[in-house]
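Data block for input-v7.txt (compact mmCIF, C-alpha atoms and all ligand atoms):
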```
# COMPACT_ATOMS: atom_id res chain seq x y z
CA MET A 1 -99.05 -114.88 55.21
CA ASN A 2 -98.60 -112.43 52.35
CA VAL A 3 -100.79 -112.55 49.27
CA THR A 4 -100.36 -110.68 45.99
CA LEU A 5 -103.33 -109.13 44.20
CA ILE A 6 -103.37 -110.63 40.70
CA ARG A 7 -106.59 -109.24 39.23
CA THR A 8 -110.13 -108.13 40.00
CA SER A 9 -113.46 -108.73 38.37
CA GLN A 10 -116.41 -106.33 38.60
CA HIS A 11 -119.75 -108.25 38.71
CA ASN A 12 -122.03 -105.21 38.65
CA GLU A 13 -121.96 -101.57 39.74
CA THR A 14 -121.07 -102.37 43.36
CA ILE A 15 -119.79 -105.94 43.66
CA LYS A 16 -116.25 -106.95 42.92
CA THR A 17 -114.08 -110.05 43.31
CA PHE A 18 -110.38 -109.77 44.20
CA TYR A 19 -108.06 -112.64 43.22
CA PHE A 20 -104.86 -113.17 45.21
CA LYS A 21 -101.84 -115.45 44.86
CA PRO A 22 -100.57 -116.66 48.25
CA ASP A 23 -96.83 -116.74 48.96
CA GLN A 24 -97.34 -120.24 50.39
CA PRO A 25 -100.22 -122.69 49.86
CA LEU A 26 -103.30 -121.72 51.89
CA ARG A 27 -105.06 -124.78 53.31
CA TYR A 28 -108.79 -124.22 53.63
CA ILE A 29 -112.17 -125.88 53.40
CA ALA A 30 -114.90 -124.44 51.15
CA GLY A 31 -116.99 -122.03 53.25
CA GLN A 32 -114.18 -120.80 55.52
CA PHE A 33 -113.14 -117.18 56.00
CA VAL A 34 -109.95 -115.14 56.40
CA GLU A 35 -108.97 -111.77 57.84
CA LEU A 36 -107.52 -109.41 55.24
CA THR A 37 -105.44 -106.39 56.28
CA ILE A 38 -105.33 -103.34 54.01
CA THR A 39 -103.00 -100.73 55.47
CA HIS A 40 -103.93 -97.24 54.27
CA SER A 41 -103.56 -93.63 55.32
CA GLN A 42 -106.14 -92.14 57.71
CA PRO A 43 -108.27 -95.23 58.30
CA ASP A 44 -111.73 -94.55 59.76
CA THR A 45 -112.79 -95.95 63.13
CA ARG A 46 -113.53 -99.35 61.55
CA GLY A 47 -109.81 -99.79 60.93
CA GLU A 48 -107.63 -101.77 58.54
CA LYS A 49 -108.84 -105.37 58.95
CA ARG A 50 -111.97 -107.19 57.73
CA TRP A 51 -113.20 -110.77 57.68
CA PHE A 52 -114.11 -112.21 54.29
CA THR A 53 -115.40 -115.63 53.37
CA LEU A 54 -113.36 -117.03 50.50
CA SER A 55 -115.48 -117.17 47.36
CA SER A 56 -112.84 -119.34 45.69
CA SER A 57 -112.68 -123.11 46.07
CA PRO A 58 -109.65 -124.99 47.48
CA THR A 59 -109.48 -126.60 44.01
CA GLU A 60 -108.59 -123.23 42.42
CA LYS A 61 -105.12 -121.73 42.16
CA LEU A 62 -105.98 -118.20 43.21
CA ILE A 63 -107.71 -117.22 46.44
CA ALA A 64 -110.71 -114.92 45.98
CA ILE A 65 -112.87 -112.66 48.10
CA THR A 66 -116.01 -110.89 46.89
CA THR A 67 -117.41 -107.74 48.41
CA ARG A 68 -119.69 -104.79 47.90
CA ILE A 69 -118.18 -101.30 47.56
CA VAL A 70 -120.41 -98.23 47.42
CA PRO A 71 -119.61 -94.48 47.42
CA THR A 72 -120.36 -94.33 51.20
CA SER A 73 -118.10 -97.32 51.95
CA SER A 74 -115.44 -97.32 54.66
CA THR A 75 -111.88 -96.11 54.05
CA TYR A 76 -110.94 -99.82 54.13
CA LYS A 77 -113.22 -100.68 51.21
CA LYS A 78 -112.08 -97.60 49.28
CA ALA A 79 -108.43 -98.56 49.77
CA LEU A 80 -109.17 -102.16 48.73
CA ASN A 81 -110.99 -100.88 45.65
CA LYS A 82 -107.96 -98.81 44.60
CA LEU A 83 -105.37 -101.53 45.28
CA PRO A 84 -103.24 -101.96 42.13
CA ALA A 85 -102.46 -105.45 40.77
CA GLY A 86 -99.13 -106.61 42.20
CA SER A 87 -99.82 -105.18 45.68
CA VAL A 88 -98.83 -107.42 48.57
CA VAL A 89 -101.19 -107.53 51.59
CA HIS A 90 -101.57 -109.67 54.70
CA MET A 91 -104.10 -112.49 54.96
CA SER A 92 -104.70 -114.69 58.00
CA GLU A 93 -105.05 -118.47 57.99
CA ALA A 94 -108.52 -119.68 56.98
CA MET A 95 -110.96 -120.60 59.75
CA GLY A 96 -114.61 -121.29 60.53
CA ASP A 97 -117.03 -124.18 60.63
CA PHE A 98 -119.48 -123.07 57.94
CA VAL A 99 -118.49 -126.13 55.91
CA LEU A 100 -120.30 -128.97 54.15
CA PRO A 101 -121.37 -132.04 56.13
CA LYS A 102 -119.34 -135.22 55.45
CA ASN A 103 -122.54 -137.23 54.88
CA THR A 104 -123.27 -136.65 51.18
CA SER A 105 -126.81 -138.09 51.32
CA ILE A 106 -128.30 -135.22 53.36
CA PRO A 107 -130.31 -132.83 51.14
CA LEU A 108 -129.06 -129.29 51.67
CA VAL A 109 -130.85 -125.95 51.57
CA PHE A 110 -128.49 -123.02 51.11
CA ILE A 111 -130.02 -119.64 51.99
CA ALA A 112 -128.00 -116.61 50.88
CA GLY A 113 -128.85 -112.98 51.56
CA GLY A 114 -127.01 -110.73 49.07
CA ILE A 115 -123.25 -110.93 49.50
CA GLY A 116 -123.86 -113.98 51.76
CA ILE A 117 -123.57 -115.95 48.52
CA THR A 118 -119.75 -116.08 48.86
CA PRO A 119 -119.43 -119.34 50.88
CA PHE A 120 -121.95 -121.04 48.59
CA ARG A 121 -119.91 -120.16 45.50
CA SER A 122 -116.88 -121.74 47.17
CA MET A 123 -118.84 -124.88 48.10
CA ALA A 124 -120.54 -125.22 44.70
CA LYS A 125 -117.23 -124.93 42.84
CA TRP A 126 -115.61 -127.45 45.18
CA LEU A 127 -118.49 -129.91 44.63
CA ILE A 128 -118.19 -129.52 40.83
CA ASP A 129 -114.41 -129.99 40.84
CA THR A 130 -114.60 -133.07 43.10
CA ASN A 131 -117.52 -134.53 41.14
CA ASP A 132 -119.79 -134.55 44.19
CA GLN A 133 -123.42 -134.50 43.02
CA ARG A 134 -125.27 -133.98 46.31
CA LYS A 135 -128.67 -132.33 46.02
CA ILE A 136 -128.80 -128.63 46.84
CA GLN A 137 -131.59 -126.07 46.79
CA LEU A 138 -130.08 -122.59 46.72
CA LEU A 139 -132.44 -119.89 47.89
CA TYR A 140 -130.83 -116.60 46.95
CA SER A 141 -132.31 -113.36 48.24
CA VAL A 142 -131.33 -110.40 46.04
CA ARG A 143 -132.58 -106.86 45.43
CA ASP A 144 -132.93 -107.57 41.72
CA THR A 145 -132.31 -110.63 39.50
CA GLU A 146 -129.46 -108.57 37.96
CA ASP A 147 -127.68 -108.97 41.32
CA ILE A 148 -127.43 -112.76 41.04
CA LEU A 149 -123.70 -113.58 41.13
CA PHE A 150 -121.87 -116.72 39.93
CA LYS A 151 -124.79 -117.93 37.75
CA MET A 152 -122.49 -120.19 35.71
CA THR A 153 -121.19 -121.96 38.80
CA PHE A 154 -124.68 -122.57 40.16
CA ASN A 155 -126.03 -123.79 36.83
CA GLN A 156 -125.59 -127.50 37.67
CA PRO A 157 -127.98 -130.47 37.45
CA ASN A 158 -127.79 -131.10 41.22
CA ILE A 159 -128.29 -127.42 42.19
CA THR A 160 -131.70 -125.76 42.05
CA LEU A 161 -131.26 -121.98 42.09
CA ILE A 162 -134.32 -120.21 43.53
CA PRO A 163 -134.06 -116.39 43.41
CA HIS A 164 -136.07 -114.46 45.98
CA ILE A 165 -136.56 -110.72 45.51
CA ALA A 166 -135.72 -109.06 48.83
CA ASP A 167 -138.63 -106.55 48.64
CA GLU A 168 -140.71 -109.33 50.14
CA LEU A 169 -139.52 -110.56 53.55
CA LEU A 170 -138.02 -114.05 53.43
CA THR A 171 -139.92 -116.11 56.00
CA VAL A 172 -139.97 -119.79 56.89
CA ASP A 173 -143.35 -120.12 55.11
CA LYS A 174 -141.70 -118.85 51.93
CA ILE A 175 -138.84 -121.32 52.44
CA ILE A 176 -141.37 -124.17 52.76
CA ASP A 177 -143.07 -123.04 49.52
CA TYR A 178 -139.78 -122.83 47.65
CA THR A 179 -138.24 -126.07 48.91
CA ASN A 180 -141.30 -128.34 49.31
CA GLY A 181 -140.92 -128.83 53.05
CA LEU A 182 -138.29 -128.77 55.74
CA ALA A 183 -138.12 -132.41 56.84
CA GLY A 184 -134.77 -134.21 56.69
CA LYS A 185 -132.88 -131.22 55.29
CA HIS A 186 -129.87 -129.29 56.55
CA PHE A 187 -130.04 -125.51 56.35
CA TYR A 188 -127.02 -123.31 55.68
CA ILE A 189 -127.80 -119.61 56.12
CA ALA A 190 -125.40 -116.76 55.23
CA GLY A 191 -126.18 -113.06 55.05
CA PRO A 192 -127.00 -110.00 57.13
CA GLU A 193 -127.23 -110.69 60.87
CA HIS A 194 -130.93 -109.79 61.24
CA MET A 195 -131.94 -112.08 58.34
CA THR A 196 -129.89 -114.98 59.67
CA GLU A 197 -131.12 -114.64 63.26
CA SER A 198 -134.76 -114.30 62.23
CA LEU A 199 -134.68 -117.39 59.97
CA VAL A 200 -132.92 -119.50 62.62
CA SER A 201 -135.56 -118.70 65.24
CA GLN A 202 -138.39 -119.35 62.74
CA LEU A 203 -136.89 -122.70 61.70
CA ILE A 204 -136.47 -123.77 65.33
CA LYS A 205 -140.13 -122.86 66.01
CA ARG A 206 -141.04 -125.22 63.14
CA ASP A 207 -139.16 -128.07 64.89
CA VAL A 208 -136.00 -127.99 62.77
CA SER A 209 -133.22 -129.13 65.11
CA LYS A 210 -130.50 -126.57 65.80
CA TYR A 211 -128.06 -129.33 64.78
CA HIS A 212 -129.51 -129.08 61.25
CA ILE A 213 -128.90 -125.34 60.97
CA VAL A 214 -125.49 -123.79 60.22
CA THR A 215 -125.09 -120.02 60.06
CA ASP A 216 -122.61 -117.41 58.91
CA TYR A 217 -123.64 -113.83 59.45
CA PHE A 218 -121.98 -110.84 57.87
CA PRO A 219 -121.82 -107.81 60.18
CA GLY A 220 -121.79 -104.47 58.38
CA TYR A 221 -124.63 -105.42 56.04
CA VAL A 222 -127.95 -104.07 57.22
CA GLN A 223 -129.74 -104.61 53.94
CA ILE A 224 -129.46 -107.31 51.30
C1 LIG A 301 -117.11 -114.56 59.09
C2 LIG A 301 -117.37 -113.35 58.23
C3 LIG A 301 -117.36 -113.47 56.86
C4 LIG A 301 -117.61 -112.36 56.05
N1 LIG A 301 -117.59 -112.50 54.69
C5 LIG A 301 -117.81 -111.43 53.90
C6 LIG A 301 -117.79 -111.54 52.48
O1 LIG A 301 -117.57 -112.61 51.91
N2 LIG A 301 -118.02 -110.42 51.76
C7 LIG A 301 -118.27 -109.20 52.36
O2 LIG A 301 -118.46 -108.21 51.65
N3 LIG A 301 -118.29 -109.07 53.67
C8 LIG A 301 -118.07 -110.14 54.47
N4 LIG A 301 -118.09 -110.01 55.83
C9 LIG A 301 -118.35 -108.67 56.41
C10 LIG A 301 -117.08 -107.81 56.32
O3 LIG A 301 -116.12 -108.24 57.25
C11 LIG A 301 -117.42 -106.34 56.58
O4 LIG A 301 -117.90 -106.20 57.91
C12 LIG A 301 -118.48 -105.82 55.63
O5 LIG A 301 -118.08 -106.08 54.30
C13 LIG A 301 -118.70 -104.33 55.82
O6 LIG A 301 -117.50 -103.67 55.56
P1 LIG A 301 -117.24 -102.16 55.98
O7 LIG A 301 -117.27 -102.07 57.48
O8 LIG A 301 -115.97 -101.75 55.33
O9 LIG A 301 -118.49 -101.40 55.50
P2 LIG A 301 -118.87 -100.92 54.02
O10 LIG A 301 -119.00 -102.08 53.13
O11 LIG A 301 -117.96 -99.86 53.62
O12 LIG A 301 -120.30 -100.34 54.31
C14 LIG A 301 -121.36 -101.20 54.69
C15 LIG A 301 -122.60 -100.34 54.91
O13 LIG A 301 -122.36 -99.42 55.96
C16 LIG A 301 -122.58 -98.11 55.48
N5 LIG A 301 -121.50 -97.29 56.05
C17 LIG A 301 -120.30 -97.07 55.51
N6 LIG A 301 -119.56 -96.27 56.28
C18 LIG A 301 -120.33 -95.96 57.36
C19 LIG A 301 -120.13 -95.20 58.52
N7 LIG A 301 -118.99 -94.53 58.75
N8 LIG A 301 -121.14 -95.15 59.42
C20 LIG A 301 -122.29 -95.79 59.21
N9 LIG A 301 -122.53 -96.54 58.11
C21 LIG A 301 -121.58 -96.64 57.21
C22 LIG A 301 -122.49 -98.17 53.98
O14 LIG A 301 -123.32 -97.20 53.39
C23 LIG A 301 -122.97 -99.57 53.69
O15 LIG A 301 -124.37 -99.60 53.54
C24 LIG A 301 -117.85 -111.09 56.65
C25 LIG A 301 -117.83 -110.98 58.04
C26 LIG A 301 -117.60 -112.09 58.83
C27 LIG A 301 -117.56 -111.93 60.32
```
Final structure tokens representation of the file:
Amino acid sequence: MNVTLIRTSQHNETIKTFYFKPDQPLRYIAGQFVELTITHSQPDTRGEKRWFTLSSSPTEKLIAITTRIVPTSSTYKKALNKLPAGSVVHMSEAMGDFVLPKNTSIPLVFIAGGIGITPFRSMAKWLIDTNDQRKIQLLYSVRDTEDILFKMTFNQPNITLIPHIADELLTVDKIIDYTNGLAGKHFYIAGPEHMTESLVSQLIKRDVSKYHIVTDYFPGYVQI
């Protein structure tokens, strides 16, 4: 489907959200992702398509993606960064199973590494708008507390936001300290591939069932 860029919002020096209006309603579940095509001249070897988790909630009118753009970014990111409001681009249907469990009584631990916060913003906003008060501990690994995105959305009585400064490696022992134990919880992990893979294997070694771990890894991000 085609989507029109309506506006952007710059969170800090490098992170930006792009808001699009779809030409037909996009059906999606909080936590799902889309493929966005940005055609541009002389694309580098990484090409003109990228996957992005929607940072918007299905309860919101506009569809949003949030990404990091740095001076060394790909031609894709540079073209996206320069896209003027009113531009029409192609977006795929939403897909993916990084979505909330139906059982609302399960305590959830969300673990985000940097830009991996995007699905959690979508889920948190959806929970607020549907008046769902399930208990969530959000462990958010960032380079600096200045990098914490969507503070207003996460500032809810049922959400405990726990920032972790990425200088120190996030391990399962740290997760136990922050969350007061692993038992009975479901873990949602989104972020760079190496962080996600390492935490999954550590959780499994501590007897957390693989059925209680859901992951979304973001290729292209080596560091938080
Ligand atoms: C299911 C899924 C969901 C995703 N959701 C998101 C999301 O919500 N937000 C998001 O930002 N990304 C998301 N991603 C990742 C996204 O698709 C891109 O892979 C990622 O943003 C990197 O984009 P890029 O390749 O344009 O690299 P860039 O962002 O341009 O660069 C990433 C890093 O690579 C370095 N780099 C740049 N160019 C080169 C080069 N030529 N050679 C070597 N290194 C280089 C940069 O310095 C930077 O450190 C998701 C991926 C998947 C699969």
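Among the candidate residues A:Ile175, A:Leu26, A:Pro107, A:Glu13, the one lying nearest to Val70 (chain A) is A:Glu13, with distances computed using all atoms listed in the file.
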Expected axis-aligned box over every listed atom of region 50-54 of chain A, 5 Å added per side, centre plus edges in Å to one decimal, as JSON:
```
{"center_x": -113.7, "center_y": -112.1, "center_z": 54.1, "size_x": 13.4, "size_y": 19.8, "size_z": 17.2}
```
Report task. Using all atoms listed in the file, pick whichever of A:Ser41, A:Ser209, A:Ala94, A:Ser87 has the shortest atom-to-atom distance to Arg27 (chain A). Result -> A:Ala94
Return as JSON lines the residues of chain A lying at most 7 Å from ligand LIG 301 (chain A), together with the closest atom-to-atom pair for each and the distance in Å to one decimal, counting only C-alpha atoms and all ligand atoms, with rows in chain order and ascending residue number.
```
{"residue": "A:Phe33", "atom": "CA", "partner": "A:LIG301", "partner_atom": "C1", "distance": 5.7}
{"residue": "A:Arg46", "atom": "CA", "partner": "A:LIG301", "partner_atom": "O7", "distance": 6.2}
{"residue": "A:Arg50", "atom": "CA", "partner": "A:LIG301", "partner_atom": "O3", "distance": 4.3}
{"residue": "A:Trp51", "atom": "CA", "partner": "A:LIG301", "partner_atom": "O3", "distance": 3.9}
{"residue": "A:Phe52", "atom": "CA", "partner": "A:LIG301", "partner_atom": "N1", "distance": 3.5}
{"residue": "A:Thr53", "atom": "CA", "partner": "A:LIG301", "partner_atom": "O1", "distance": 4.0}
{"residue": "A:Leu54", "atom": "CA", "partner": "A:LIG301", "partner_atom": "O1", "distance": 6.3}
{"residue": "A:Ser55", "atom": "CA", "partner": "A:LIG301", "partner_atom": "O1", "distance": 6.8}
{"residue": "A:Ile65", "atom": "CA", "partner": "A:LIG301", "partner_atom": "O1", "distance": 6.1}
{"residue": "A:Thr66", "atom": "CA", "partner": "A:LIG301", "partner_atom": "N2", "distance": 5.3}
{"residue": "A:Thr67", "atom": "CA", "partner": "A:LIG301", "partner_atom": "O2", "distance": 3.4}
{"residue": "A:Arg68", "atom": "CA", "partner": "A:LIG301", "partner_atom": "O2", "distance": 5.2}
{"residue": "A:Ile69", "atom": "CA", "partner": "A:LIG301", "partner_atom": "O10", "distance": 5.7}
{"residue": "A:Val70", "atom": "CA", "partner": "A:LIG301", "partner_atom": "O14", "distance": 6.7}
{"residue": "A:Thr72", "atom": "CA", "partner": "A:LIG301", "partner_atom": "O14", "distance": 4.7}
{"residue": "A:Ser73", "atom": "CA", "partner": "A:LIG301", "partner_atom": "O11", "distance": 3.0}
{"residue": "A:Ser74", "atom": "CA", "partner": "A:LIG301", "partner_atom": "O11", "distance": 3.7}
{"residue": "A:Tyr76", "atom": "CA", "partner": "A:LIG301", "partner_atom": "O8", "distance": 5.5}
{"residue": "A:Lys77", "atom": "CA", "partner": "A:LIG301", "partner_atom": "O8", "distance": 5.1}
{"residue": "A:Ile115", "atom": "CA", "partner": "A:LIG301", "partner_atom": "N2", "distance": 5.7}
{"residue": "A:Gly116", "atom": "CA", "partner": "A:LIG301", "partner_atom": "O1", "distance": 6.4}
{"residue": "A:Thr118", "atom": "CA", "partner": "A:LIG301", "partner_atom": "O1", "distance": 5.1}
{"residue": "A:Asp216", "atom": "CA", "partner": "A:LIG301", "partner_atom": "C1", "distance": 6.2}
{"residue": "A:Tyr217", "atom": "CA", "partner": "A:LIG301", "partner_atom": "C26", "distance": 6.3}
{"residue": "A:Phe218", "atom": "CA", "partner": "A:LIG301", "partner_atom": "C25", "distance": 4.2}
{"residue": "A:Pro219", "atom": "CA", "partner": "A:LIG301", "partner_atom": "O4", "distance": 4.8}
{"residue": "A:Gly220", "atom": "CA", "partner": "A:LIG301", "partner_atom": "C13", "distance": 4.0}
{"residue": "A:Tyr221", "atom": "CA", "partner": "A:LIG301", "partner_atom": "C14", "distance": 5.5}
{"residue": "A:Val222", "atom": "CA", "partner": "A:LIG301", "partner_atom": "O15", "distance": 6.8}
```
Requested in this report: Pick out the residues sitting within 10 Å of Leu149 (chain A), and hand them over as JSON, numbers by chain; count all atoms listed in the file, and ignore anything fewer than 6 positions along from it in its own chain.
Outcome: {"A": [11, 12, 15, 66, 114, 115, 117, 118, 121, 140, 142]}
Requested in this report: Kindly extract all protein, DNA and RNA residues lying within 10 Å of the coordinates (-136.9, -122.0, 60.6) given in the file, considering only C-alpha atoms, and supply them as a PyMOL selection string.
Outcome: chain A and resi 171-173+175-176+182+187+196-210+213
Report task. Just the residues within 6 Å of region 89-92 of chain A, please, counting all atoms listed in the file, with nothing from its chain fewer than 3 positions along; format it as a list of chain:residue names. Result ->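 Contacts, in chain order: A:Met1, A:Asn2, A:Val3, A:Val34, A:Glu35, A:Leu36, A:Thr37.
When only C-alpha atoms are used to compute distances to His212 (chain A), the closest of the residues A:Leu100, A:Ile6, A:Ala124, A:Ile159 turns out to be A:Leu100.
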**Report entry** Residues near Gln137 (chain A), cut-off 9 Å, only C-alpha atoms, skip fewer than 4 positions along chain, as an MDAnalysis selection string
**Finding:** chainID A and resid 107:111 158:162 178:179
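Among the candidates A:Ala183, A:Leu139, A:Leu80, A:Ala30, the one nearest to Leu170 (chain A) when counting only C-alpha atoms is A:Leu139.
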Query raised in the report: Quick one: distance from CA of Asn180 (chain A) to CA of Lys135 (chain A) in Å, one decimal?
Result: 13.6 Å
Report task. Would you mind listing what lies within 9 Å of Pro58 (chain A) as a list of chain:residue names, with only C-alpha atoms counted and same-chain residues fewer than 3 positions away left out? Result ->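 Residues near the query, excluding close chain neighbours: A:Leu26, A:Arg27, A:Tyr28, A:Ile29, A:Ala30, A:Lys61, A:Leu62, A:Ile63, A:Ser122, A:Lys125, A:Trp126.
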Query raised in the report: Of the candidates A:Met123, A:Ala85, A:Met195, A:Met152, which one gets nearest to Glu60 (chain A) if we count all atoms listed in the file?
Result: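 Among A:Met123, A:Ala85, A:Met195, A:Met152, it is A:Met123 that comes nearest to Glu60 (chain A).
Between CA of Thr39 (chain A) and CA of Ala79 (chain A) lies a distance of 8.2 Å.
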Report task. Identify which of the residues A:Gly191, A:Pro71, A:Gly31, A:Pro43 lies closest to Met95 (chain A), counting all atoms listed in the file when measuring atom-to-atom distances. Result ->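 Among the listed residues, A:Gly31 lies closest to Met95 (chain A).
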